[in-house]
Amino acid sequence: MSGPPNAQGGGTDRTWTVLELLQWTTDHFAAKGLESPRLDAELLLAHALGLRRLDLYLRYEDLVGAAERARYRELIGQRAGERMPVSLLLGEKEFWSLRFRVTPDVLTPRPESETLVEAALARLPDAEREYTILDLGTGSGALALALAHEKPRARVTATDLSGAALEVARGNAEALDLAQGVRFIEGSLFEPVAGEQFDLIVSNPPYLAQSRASALPPELAHEPAEALFGGEDGLAILRPLFAQAREHLAPGGWLIVEVDPDQAKAGMDWAVASGLGEAAAIKDLSGQSRAVVARRGMERA
Ligand SMILES: C[S@@+](CC[C@H](N)C(=O)[O-])C[C@H]1O[C@@H](n2cnc3c(N)ncnc32)[C@H](O)[C@@H]1O
């Protein structure tokens with residue numbers, strides 16, 4: 001090849017096919033240590049061309065015009081140089097087969113968090129019942145809206161400390177035509193729902209330890225710190241969340257909280273100490289303990 005598509009001044013007067021661009025970028029991303037170089041290259045090129053990723057496979061031999069190459073070159077620089085996550089470059093991420101807009105104000109929903117949606121649905125078996133659901137720390141709205149989508153009769157409350165995140169979540173609710181069944185409230189922990197009880201409380205709170213921040217992938221620097229870190233030891237939000245959940249659960253209600261695998265034991269202990277029963281760890285598809293589940297007994301006090 002006569003020059004990389006992202007070299008300063010290089011390769012400007014030659015033609016590039018879709019396949020050539022993909023191959024060059026895959027090698028470039030691999031050399032920069034990105035985890036999924038081919039997938040990232042495909043997603044970014046499809047975005048620059050205004051296509052769906054799978055459409056690229058039918059267009060391998062198509063030539064890519066100069067304007068689209070310039071746009072693609074910019075994306076390559078942001079991905080490999082600044083380590084911007086692909087989701088932020090595309091401005092969207094699929095979660096539970098729903099499309100969520102993502103911005104620097106929200107955590108990009110992670111596939112492993114779908115474990116919580118599955119676990120929640122398994123505990124809300126009655127199709128007719130108007131379950132009450134709280135998603136504490138909703139971010140983009142991923143958990144709240146996936147549940148609202150699956151349980152159209154449910155009354156869902158989504159809270160977040162961040163007003164900017166709630167704006168994104170509200171926009172996602174509207175775009176997904178789910179706004180009617182979901183209430184959004186700003187505030188910390190259970191403060192926005194004082195005096196209320198729910199059939200299900202689900203939460204993916206910030207649980208990374210600030211003390212380990214320097215060992216984390218550089219991509220995380222583009223996500224909001226308040227969405228990632230739970231204080232120095234990672235437990236600053238988890239601890240009060242488990243301690244306060246019982247008074248916000250209806251009799252027989254369920255608590256499901258995402259944790260780091262090495263926090264699952266502590267989470268179960270806190271759940272039991274707060275008076276909840278049936279405490280257990282839920283594994284994700286890779287076999288890691290990804291969430292803690294616990295249940296309030298049927299007693300009314
Ligand atoms: C790990 S993100 C999860 C976002 C979303 N639920 C998901 O699973 O993709 C944690 C969210 O909790 C919010 N948050 C942080 N501290 C909080 C607090 N004390 N009370 C309520 N929300 C909080 C953050 O703003 C962020 O949106």
# chains A, B, ... in the order shown; residues from 1 in each chain; ligands from 1
>>> closest_atom_pairs(of="chain A", to="ligand 1", cutoff="7 Å", atoms="only C-alpha atoms and all ligand atoms", output="CSV")
residue,atom,partner,partner_atom_place_in_ligand_line,distance
A:Val106,CA,ligand 1,27 (O),5.7
A:Leu107,CA,ligand 1,2 (S),5.3
A:Thr108,CA,ligand 1,9 (O),5.8
A:Pro109,CA,ligand 1,9 (O),3.7
A:Arg110,CA,ligand 1,9 (O),6.2
A:Ser113,CA,ligand 1,8 (O),6.0
A:Leu136,CA,ligand 1,21 (C),5.8
A:Gly137,CA,ligand 1,12 (O),3.4
A:Thr138,CA,ligand 1,6 (N),3.8
A:Gly139,CA,ligand 1,27 (O),3.4
A:Ser140,CA,ligand 1,5 (C),5.9
A:Gly141,CA,ligand 1,5 (C),6.1
A:Ala142,CA,ligand 1,9 (O),5.3
A:Leu143,CA,ligand 1,6 (N),5.7
A:Thr159,CA,ligand 1,21 (C),6.2
A:Asp160,CA,ligand 1,22 (N),3.9
A:Leu161,CA,ligand 1,22 (N),4.2
A:Ser162,CA,ligand 1,25 (O),4.8
A:Ala165,CA,ligand 1,27 (O),6.0
A:Gly187,CA,ligand 1,21 (C),5.9
A:Ser188,CA,ligand 1,20 (N),3.4
A:Leu189,CA,ligand 1,20 (N),3.8
A:Ser203,CA,ligand 1,6 (N),6.2
A:Asn204,CA,ligand 1,3 (C),4.8
A:Pro205,CA,ligand 1,10 (C),4.3
A:Pro206,CA,ligand 1,1 (C),4.5
A:Glu226,CA,ligand 1,15 (C),5.1
A:Ala227,CA,ligand 1,26 (C),3.7
A:Leu228,CA,ligand 1,1 (C),5.4
A:Ile237,CA,ligand 1,19 (N),6.1
>>> residues_around(residues="Ala144 (chain A)", least_positions_apart="5", cutoff="9 Å", atoms="only C-alpha atoms", output="PyMOL selection string")
chain A and resi 117+133-136+138+149+156-158+182+202
>>> write_last_selection(atoms="all heavy atoms", output="PDB file, in the first residue's frame")
ATOM      1  N   VAL A 117     -30.746  -7.858  33.959  1.00  0.00           N
ATOM      2  CA  VAL A 117     -32.087  -7.816  33.345  1.00  0.00           C
ATOM      3  C   VAL A 117     -32.685  -9.217  33.359  1.00  0.00           C
ATOM      4  O   VAL A 117     -33.844  -9.407  33.746  1.00  0.00           O
ATOM      5  CB  VAL A 117     -32.013  -7.267  31.898  1.00  0.00           C
ATOM      6  CG1 VAL A 117     -33.397  -7.242  31.274  1.00  0.00           C
ATOM      7  CG2 VAL A 117     -31.394  -5.871  31.887  1.00  0.00           C
ATOM      8  N   ILE A 133     -40.785  -0.905  40.029  1.00  0.00           N
ATOM      9  CA  ILE A 133     -39.363  -1.191  39.833  1.00  0.00           C
ATOM     10  C   ILE A 133     -38.560   0.089  40.027  1.00  0.00           C
ATOM     11  O   ILE A 133     -38.931   1.145  39.497  1.00  0.00           O
ATOM     12  CB  ILE A 133     -39.118  -1.712  38.392  1.00  0.00           C
ATOM     13  CG1 ILE A 133     -39.887  -3.012  38.159  1.00  0.00           C
ATOM     14  CG2 ILE A 133     -37.629  -1.902  38.125  1.00  0.00           C
ATOM     15  CD1 ILE A 133     -39.811  -3.525  36.715  1.00  0.00           C
ATOM     16  N   LEU A 134     -37.469  -0.009  40.778  1.00  0.00           N
ATOM     17  CA  LEU A 134     -36.538   1.120  40.922  1.00  0.00           C
ATOM     18  C   LEU A 134     -35.196   0.735  40.302  1.00  0.00           C
ATOM     19  O   LEU A 134     -34.642  -0.317  40.622  1.00  0.00           O
ATOM     20  CB  LEU A 134     -36.327   1.447  42.412  1.00  0.00           C
ATOM     21  CG  LEU A 134     -35.193   2.436  42.727  1.00  0.00           C
ATOM     22  CD1 LEU A 134     -35.501   3.826  42.165  1.00  0.00           C
ATOM     23  CD2 LEU A 134     -34.968   2.537  44.248  1.00  0.00           C
ATOM     24  N   ASP A 135     -34.685   1.581  39.396  1.00  0.00           N
ATOM     25  CA  ASP A 135     -33.309   1.442  38.898  1.00  0.00           C
ATOM     26  C   ASP A 135     -32.517   2.593  39.502  1.00  0.00           C
ATOM     27  O   ASP A 135     -32.687   3.749  39.105  1.00  0.00           O
ATOM     28  CB  ASP A 135     -33.296   1.493  37.359  1.00  0.00           C
ATOM     29  CG  ASP A 135     -31.873   1.517  36.792  1.00  0.00           C
ATOM     30  OD1 ASP A 135     -30.926   1.166  37.519  1.00  0.00           O
ATOM     31  OD2 ASP A 135     -31.723   1.897  35.608  1.00  0.00           O
ATOM     32  N   LEU A 136     -31.656   2.265  40.459  1.00  0.00           N
ATOM     33  CA  LEU A 136     -30.900   3.298  41.179  1.00  0.00           C
ATOM     34  C   LEU A 136     -29.553   3.514  40.483  1.00  0.00           C
ATOM     35  O   LEU A 136     -28.751   2.591  40.390  1.00  0.00           O
ATOM     36  CB  LEU A 136     -30.718   2.849  42.637  1.00  0.00           C
ATOM     37  CG  LEU A 136     -30.242   3.886  43.645  1.00  0.00           C
ATOM     38  CD1 LEU A 136     -30.637   3.470  45.064  1.00  0.00           C
ATOM     39  CD2 LEU A 136     -28.761   4.135  43.568  1.00  0.00           C
ATOM     40  N   THR A 138     -29.242   5.161  37.099  1.00  0.00           N
ATOM     41  CA  THR A 138     -29.694   4.623  35.813  1.00  0.00           C
ATOM     42  C   THR A 138     -28.774   4.946  34.639  1.00  0.00           C
ATOM     43  O   THR A 138     -28.815   4.262  33.613  1.00  0.00           O
ATOM     44  CB  THR A 138     -31.138   5.110  35.529  1.00  0.00           C
ATOM     45  OG1 THR A 138     -31.722   4.308  34.510  1.00  0.00           O
ATOM     46  CG2 THR A 138     -31.170   6.577  35.084  1.00  0.00           C
ATOM     47  N   HIS A 149     -39.322  -2.102  28.757  1.00  0.00           N
ATOM     48  CA  HIS A 149     -39.630  -2.706  27.457  1.00  0.00           C
ATOM     49  C   HIS A 149     -40.228  -4.097  27.635  1.00  0.00           C
ATOM     50  O   HIS A 149     -41.186  -4.475  26.950  1.00  0.00           O
ATOM     51  CB  HIS A 149     -38.332  -2.776  26.649  1.00  0.00           C
ATOM     52  CG  HIS A 149     -38.455  -3.459  25.333  1.00  0.00           C
ATOM     53  ND1 HIS A 149     -39.078  -2.888  24.254  1.00  0.00           N
ATOM     54  CD2 HIS A 149     -38.038  -4.678  24.920  1.00  0.00           C
ATOM     55  CE1 HIS A 149     -39.035  -3.715  23.235  1.00  0.00           C
ATOM     56  NE2 HIS A 149     -38.419  -4.818  23.614  1.00  0.00           N
ATOM     57  N   VAL A 156     -41.960   2.072  36.452  1.00  0.00           N
ATOM     58  CA  VAL A 156     -40.510   2.091  36.634  1.00  0.00           C
ATOM     59  C   VAL A 156     -40.052   3.476  37.080  1.00  0.00           C
ATOM     60  O   VAL A 156     -40.472   4.485  36.513  1.00  0.00           O
ATOM     61  CB  VAL A 156     -39.796   1.705  35.312  1.00  0.00           C
ATOM     62  CG1 VAL A 156     -38.280   1.729  35.493  1.00  0.00           C
ATOM     63  CG2 VAL A 156     -40.266   0.333  34.824  1.00  0.00           C
ATOM     64  N   THR A 157     -39.196   3.490  38.111  1.00  0.00           N
ATOM     65  CA  THR A 157     -38.571   4.737  38.555  1.00  0.00           C
ATOM     66  C   THR A 157     -37.073   4.623  38.299  1.00  0.00           C
ATOM     67  O   THR A 157     -36.458   3.621  38.656  1.00  0.00           O
ATOM     68  CB  THR A 157     -38.808   4.956  40.069  1.00  0.00           C
ATOM     69  OG1 THR A 157     -40.211   4.973  40.303  1.00  0.00           O
ATOM     70  CG2 THR A 157     -38.194   6.258  40.540  1.00  0.00           C
ATOM     71  N   ALA A 158     -36.501   5.652  37.663  1.00  0.00           N
ATOM     72  CA  ALA A 158     -35.065   5.650  37.372  1.00  0.00           C
ATOM     73  C   ALA A 158     -34.452   6.872  38.037  1.00  0.00           C
ATOM     74  O   ALA A 158     -34.911   7.995  37.805  1.00  0.00           O
ATOM     75  CB  ALA A 158     -34.842   5.688  35.859  1.00  0.00           C
ATOM     76  N   VAL A 182     -42.082   5.387  32.623  1.00  0.00           N
ATOM     77  CA  VAL A 182     -40.870   5.569  33.434  1.00  0.00           C
ATOM     78  C   VAL A 182     -40.815   6.978  34.011  1.00  0.00           C
ATOM     79  O   VAL A 182     -41.054   7.961  33.324  1.00  0.00           O
ATOM     80  CB  VAL A 182     -39.592   5.315  32.581  1.00  0.00           C
ATOM     81  CG1 VAL A 182     -38.359   5.323  33.472  1.00  0.00           C
ATOM     82  CG2 VAL A 182     -39.695   3.996  31.836  1.00  0.00           C
ATOM     83  N   VAL A 202     -33.189  -2.602  41.288  1.00  0.00           N
ATOM     84  CA  VAL A 202     -32.043  -3.059  40.520  1.00  0.00           C
ATOM     85  C   VAL A 202     -31.046  -1.906  40.472  1.00  0.00           C
ATOM     86  O   VAL A 202     -31.437  -0.737  40.428  1.00  0.00           O
ATOM     87  CB  VAL A 202     -32.498  -3.515  39.098  1.00  0.00           C
ATOM     88  CG1 VAL A 202     -32.980  -2.357  38.265  1.00  0.00           C
ATOM     89  CG2 VAL A 202     -31.431  -4.258  38.382  1.00  0.00           C
TER      90      VAL A 202
END
>>> select_by_dssp(residues="region 99-160 of chain A", states="helix (DSSP H, G or I)", output="VMD selection string")
chain A and resid 111 to 122 142 to 150
>>> residues_around(residues="region 190-201 of chain A", least_positions_apart="5", cutoff="9 Å", atoms="only C-alpha atoms", output="PDB file with N, CA, C and O atoms, in the first residue's frame")
ATOM      1  N   ALA A 120     -33.689 -10.166  36.842  1.00  0.00           N
ATOM      2  CA  ALA A 120     -34.875  -9.419  37.267  1.00  0.00           C
ATOM      3  C   ALA A 120     -36.135 -10.023  36.646  1.00  0.00           C
ATOM      4  O   ALA A 120     -37.130 -10.269  37.333  1.00  0.00           O
ATOM      5  N   ARG A 123     -37.612 -12.979  38.174  1.00  0.00           N
ATOM      6  CA  ARG A 123     -38.253 -12.772  39.480  1.00  0.00           C
ATOM      7  C   ARG A 123     -39.537 -11.941  39.388  1.00  0.00           C
ATOM      8  O   ARG A 123     -40.121 -11.574  40.401  1.00  0.00           O
ATOM      9  N   LEU A 124     -39.921 -11.602  38.172  1.00  0.00           N
ATOM     10  CA  LEU A 124     -41.175 -10.851  37.956  1.00  0.00           C
ATOM     11  C   LEU A 124     -42.037 -11.653  36.979  1.00  0.00           C
ATOM     12  O   LEU A 124     -42.241 -11.254  35.835  1.00  0.00           O
ATOM     13  N   TYR A 131     -45.954  -4.362  38.433  1.00  0.00           N
ATOM     14  CA  TYR A 131     -44.811  -4.334  39.344  1.00  0.00           C
ATOM     15  C   TYR A 131     -44.262  -2.917  39.473  1.00  0.00           C
ATOM     16  O   TYR A 131     -44.273  -2.150  38.495  1.00  0.00           O
ATOM     17  N   THR A 132     -43.750  -2.602  40.661  1.00  0.00           N
ATOM     18  CA  THR A 132     -43.024  -1.341  40.829  1.00  0.00           C
ATOM     19  C   THR A 132     -41.535  -1.652  40.843  1.00  0.00           C
ATOM     20  O   THR A 132     -41.081  -2.557  41.552  1.00  0.00           O
ATOM     21  N   ILE A 133     -40.785  -0.905  40.029  1.00  0.00           N
ATOM     22  CA  ILE A 133     -39.363  -1.191  39.833  1.00  0.00           C
ATOM     23  C   ILE A 133     -38.560   0.089  40.027  1.00  0.00           C
ATOM     24  O   ILE A 133     -38.931   1.145  39.497  1.00  0.00           O
ATOM     25  N   LEU A 134     -37.469  -0.009  40.778  1.00  0.00           N
ATOM     26  CA  LEU A 134     -36.538   1.120  40.922  1.00  0.00           C
ATOM     27  C   LEU A 134     -35.196   0.735  40.302  1.00  0.00           C
ATOM     28  O   LEU A 134     -34.642  -0.317  40.622  1.00  0.00           O
ATOM     29  N   ASP A 135     -34.685   1.581  39.396  1.00  0.00           N
ATOM     30  CA  ASP A 135     -33.309   1.442  38.898  1.00  0.00           C
ATOM     31  C   ASP A 135     -32.517   2.593  39.502  1.00  0.00           C
ATOM     32  O   ASP A 135     -32.687   3.749  39.105  1.00  0.00           O
ATOM     33  N   LEU A 136     -31.656   2.265  40.459  1.00  0.00           N
ATOM     34  CA  LEU A 136     -30.900   3.298  41.179  1.00  0.00           C
ATOM     35  C   LEU A 136     -29.553   3.514  40.483  1.00  0.00           C
ATOM     36  O   LEU A 136     -28.751   2.591  40.390  1.00  0.00           O
ATOM     37  N   THR A 157     -39.196   3.490  38.111  1.00  0.00           N
ATOM     38  CA  THR A 157     -38.571   4.737  38.555  1.00  0.00           C
ATOM     39  C   THR A 157     -37.073   4.623  38.299  1.00  0.00           C
ATOM     40  O   THR A 157     -36.458   3.621  38.656  1.00  0.00           O
ATOM     41  N   THR A 159     -33.443   6.654  38.873  1.00  0.00           N
ATOM     42  CA  THR A 159     -32.810   7.784  39.567  1.00  0.00           C
ATOM     43  C   THR A 159     -31.340   7.876  39.181  1.00  0.00           C
ATOM     44  O   THR A 159     -30.743   6.888  38.739  1.00  0.00           O
ATOM     45  N   ASP A 160     -30.776   9.052  39.390  1.00  0.00           N
ATOM     46  CA  ASP A 160     -29.339   9.220  39.234  1.00  0.00           C
ATOM     47  C   ASP A 160     -28.913  10.491  39.965  1.00  0.00           C
ATOM     48  O   ASP A 160     -29.680  11.454  40.059  1.00  0.00           O
ATOM     49  N   ILE A 185     -35.932  10.655  38.387  1.00  0.00           N
ATOM     50  CA  ILE A 185     -35.744  11.582  39.516  1.00  0.00           C
ATOM     51  C   ILE A 185     -34.250  11.690  39.855  1.00  0.00           C
ATOM     52  O   ILE A 185     -33.543  10.683  39.946  1.00  0.00           O
ATOM     53  N   LEU A 241     -26.043   1.264  49.960  1.00  0.00           N
ATOM     54  CA  LEU A 241     -27.120   0.728  49.112  1.00  0.00           C
ATOM     55  C   LEU A 241     -27.672  -0.564  49.728  1.00  0.00           C
ATOM     56  O   LEU A 241     -28.893  -0.725  49.891  1.00  0.00           O
ATOM     57  N   GLN A 244     -29.486   0.183  53.134  1.00  0.00           N
ATOM     58  CA  GLN A 244     -30.766   0.922  53.124  1.00  0.00           C
ATOM     59  C   GLN A 244     -31.850   0.269  52.268  1.00  0.00           C
ATOM     60  O   GLN A 244     -33.002   0.708  52.273  1.00  0.00           O
ATOM     61  N   ALA A 245     -31.485  -0.758  51.506  1.00  0.00           N
ATOM     62  CA  ALA A 245     -32.445  -1.301  50.523  1.00  0.00           C
ATOM     63  C   ALA A 245     -33.694  -1.880  51.170  1.00  0.00           C
ATOM     64  O   ALA A 245     -34.809  -1.713  50.655  1.00  0.00           O
ATOM     65  N   ARG A 246     -33.524  -2.544  52.321  1.00  0.00           N
ATOM     66  CA  ARG A 246     -34.673  -3.283  52.880  1.00  0.00           C
ATOM     67  C   ARG A 246     -35.880  -2.390  53.097  1.00  0.00           C
ATOM     68  O   ARG A 246     -37.012  -2.772  52.780  1.00  0.00           O
ATOM     69  N   GLU A 247     -35.661  -1.186  53.630  1.00  0.00           N
ATOM     70  CA  GLU A 247     -36.830  -0.332  53.921  1.00  0.00           C
ATOM     71  C   GLU A 247     -37.512   0.168  52.645  1.00  0.00           C
ATOM     72  O   GLU A 247     -38.610   0.709  52.703  1.00  0.00           O
ATOM     73  N   HIS A 248     -36.870  -0.016  51.489  1.00  0.00           N
ATOM     74  CA  HIS A 248     -37.482   0.408  50.217  1.00  0.00           C
ATOM     75  C   HIS A 248     -37.977  -0.776  49.389  1.00  0.00           C
ATOM     76  O   HIS A 248     -38.342  -0.610  48.231  1.00  0.00           O
ATOM     77  N   LEU A 249     -37.958  -1.956  50.000  1.00  0.00           N
ATOM     78  CA  LEU A 249     -38.512  -3.124  49.316  1.00  0.00           C
ATOM     79  C   LEU A 249     -39.885  -3.439  49.889  1.00  0.00           C
ATOM     80  O   LEU A 249     -40.074  -3.442  51.120  1.00  0.00           O
ATOM     81  N   ALA A 250     -40.831  -3.720  49.012  1.00  0.00           N
ATOM     82  CA  ALA A 250     -42.137  -4.206  49.456  1.00  0.00           C
ATOM     83  C   ALA A 250     -41.940  -5.615  50.018  1.00  0.00           C
ATOM     84  O   ALA A 250     -40.960  -6.296  49.654  1.00  0.00           O
ATOM     85  N   PRO A 251     -42.836  -6.090  50.886  1.00  0.00           N
ATOM     86  CA  PRO A 251     -42.712  -7.474  51.364  1.00  0.00           C
ATOM     87  C   PRO A 251     -42.588  -8.426  50.172  1.00  0.00           C
ATOM     88  O   PRO A 251     -43.351  -8.334  49.206  1.00  0.00           O
ATOM     89  N   GLY A 252     -41.584  -9.310  50.229  1.00  0.00           N
ATOM     90  CA  GLY A 252     -41.344 -10.255  49.122  1.00  0.00           C
ATOM     91  C   GLY A 252     -40.568  -9.652  47.963  1.00  0.00           C
ATOM     92  O   GLY A 252     -40.303 -10.337  46.968  1.00  0.00           O
ATOM     93  N   GLY A 253     -40.174  -8.370  48.074  1.00  0.00           N
ATOM     94  CA  GLY A 253     -39.478  -7.686  46.970  1.00  0.00           C
ATOM     95  C   GLY A 253     -38.018  -8.110  46.841  1.00  0.00           C
ATOM     96  O   GLY A 253     -37.393  -8.571  47.789  1.00  0.00           O
ATOM     97  N   TRP A 254     -37.504  -7.918  45.640  1.00  0.00           N
ATOM     98  CA  TRP A 254     -36.146  -8.373  45.317  1.00  0.00           C
ATOM     99  C   TRP A 254     -35.174  -7.205  45.146  1.00  0.00           C
ATOM    100  O   TRP A 254     -35.529  -6.174  44.569  1.00  0.00           O
ATOM    101  N   LEU A 255     -33.933  -7.448  45.588  1.00  0.00           N
ATOM    102  CA  LEU A 255     -32.823  -6.511  45.347  1.00  0.00           C
ATOM    103  C   LEU A 255     -31.813  -7.210  44.451  1.00  0.00           C
ATOM    104  O   LEU A 255     -31.410  -8.348  44.726  1.00  0.00           O
ATOM    105  N   ILE A 256     -31.397  -6.535  43.366  1.00  0.00           N
ATOM    106  CA  ILE A 256     -30.376  -7.106  42.474  1.00  0.00           C
ATOM    107  C   ILE A 256     -29.344  -6.012  42.194  1.00  0.00           C
ATOM    108  O   ILE A 256     -29.672  -4.969  41.623  1.00  0.00           O
ATOM    109  N   VAL A 257     -28.113  -6.268  42.609  1.00  0.00           N
ATOM    110  CA  VAL A 257     -27.069  -5.238  42.518  1.00  0.00           C
ATOM    111  C   VAL A 257     -25.855  -5.784  41.782  1.00  0.00           C
ATOM    112  O   VAL A 257     -25.326  -6.849  42.145  1.00  0.00           O
TER     113      VAL A 257
END
>>> residues_around(residues="region 67-69 of chain A", least_positions_apart="4", cutoff="7 Å", atoms="only C-alpha atoms", output="PyMOL selection string")
chain A and resi 48-49+73
>>> write_last_selection(atoms="N, CA, C and O atoms", output="mmCIF file, in the first residue's frame")
data_model
loop_
_atom_site.group_PDB
_atom_site.id
_atom_site.type_symbol
_atom_site.label_atom_id
_atom_site.label_comp_id
_atom_site.auth_asym_id
_atom_site.auth_seq_id
_atom_site.Cartn_x
_atom_site.Cartn_y
_atom_site.Cartn_z
ATOM 1 N N ALA A 48 -18.563 5.901 9.318
ATOM 2 C CA ALA A 48 -18.089 6.958 8.406
ATOM 3 C C ALA A 48 -18.815 6.896 7.069
ATOM 4 O O ALA A 48 -19.008 7.919 6.410
ATOM 5 N N LEU A 49 -19.206 5.705 6.657
ATOM 6 C CA LEU A 49 -19.874 5.537 5.357
ATOM 7 C C LEU A 49 -21.393 5.616 5.464
ATOM 8 O O LEU A 49 -22.093 5.540 4.447
ATOM 9 N N ARG A 73 -10.560 8.727 8.886
ATOM 10 C CA ARG A 73 -9.208 8.985 9.426
ATOM 11 C C ARG A 73 -9.310 9.646 10.796
ATOM 12 O O ARG A 73 -8.592 9.321 11.722
#
>>> residues_around(residues="Pro111 (chain A)", least_positions_apart="6", cutoff="12 Å", atoms="only C-alpha atoms", output="PyMOL selection string")
chain A and resi 93-98+117-118+142-143+284-286+290
>>> atom_distance(atom1="CA of Arg59 (chain A)", atom2="CA of His28 (chain A)")
21.3 Å
>>> residues_around(residues="Glu20 (chain A)", least_positions_apart="4", cutoff="10 Å", atoms="only C-alpha atoms", output="ChimeraX atom specification")
/A:1,5,15-16,24-26,60-64
>>> atom_distance(atom1="CA of Leu220 (chain A)", atom2="CA of Gly267 (chain A)")
24.2 Å
>>> atom_distance(atom1="CA of Asp233 (chain A)", atom2="CA of Leu166 (chain A)")
26.1 Å
>>> select_by_dssp(residues="region 24-202 of chain A", states="strand (DSSP E)", output="number ranges by chain")
A: 92-95, 98-101, 132-136, 155-160, 182-186, 198-202
>>> closest_residue(among="A:Ala280, A:Ala225, A:Leu34, A:Leu22", to="Arg83 (chain A)", atoms="only C-alpha atoms")
A:Leu34
>>> residues_around(residues="Thr103 (chain A)", least_positions_apart="4", cutoff="8 Å", atoms="only C-alpha atoms", output="number ranges by chain")
A: 88, 91-92, 168
>>> decode(residues="region 11-27 of chain A", atoms="C-alpha atoms", output="PDB file, in the first residue's frame")
ATOM      1  CA  GLY A  11      -1.684   7.983   0.794  1.00  0.00           C
ATOM      2  CA  THR A  12      -3.880  10.878  -0.206  1.00  0.00           C
ATOM      3  CA  ASP A  13      -3.743  10.403  -3.963  1.00  0.00           C
ATOM      4  CA  ARG A  14      -4.345   6.681  -4.199  1.00  0.00           C
ATOM      5  CA  THR A  15      -7.604   4.817  -4.091  1.00  0.00           C
ATOM      6  CA  TRP A  16      -8.709   2.589  -1.227  1.00  0.00           C
ATOM      7  CA  THR A  17     -11.336  -0.098  -1.225  1.00  0.00           C
ATOM      8  CA  VAL A  18     -13.439  -0.913   1.806  1.00  0.00           C
ATOM      9  CA  LEU A  19     -11.492  -4.137   2.337  1.00  0.00           C
ATOM     10  CA  GLU A  20      -8.106  -2.447   2.059  1.00  0.00           C
ATOM     11  CA  LEU A  21      -9.121   0.174   4.593  1.00  0.00           C
ATOM     12  CA  LEU A  22     -10.376  -2.495   6.972  1.00  0.00           C
ATOM     13  CA  GLN A  23      -7.197  -4.521   6.670  1.00  0.00           C
ATOM     14  CA  TRP A  24      -4.941  -1.517   7.181  1.00  0.00           C
ATOM     15  CA  THR A  25      -6.905  -0.281  10.182  1.00  0.00           C
ATOM     16  CA  THR A  26      -7.094  -3.716  11.789  1.00  0.00           C
ATOM     17  CA  ASP A  27      -3.296  -3.975  11.683  1.00  0.00           C
TER      18      ASP A  27
END
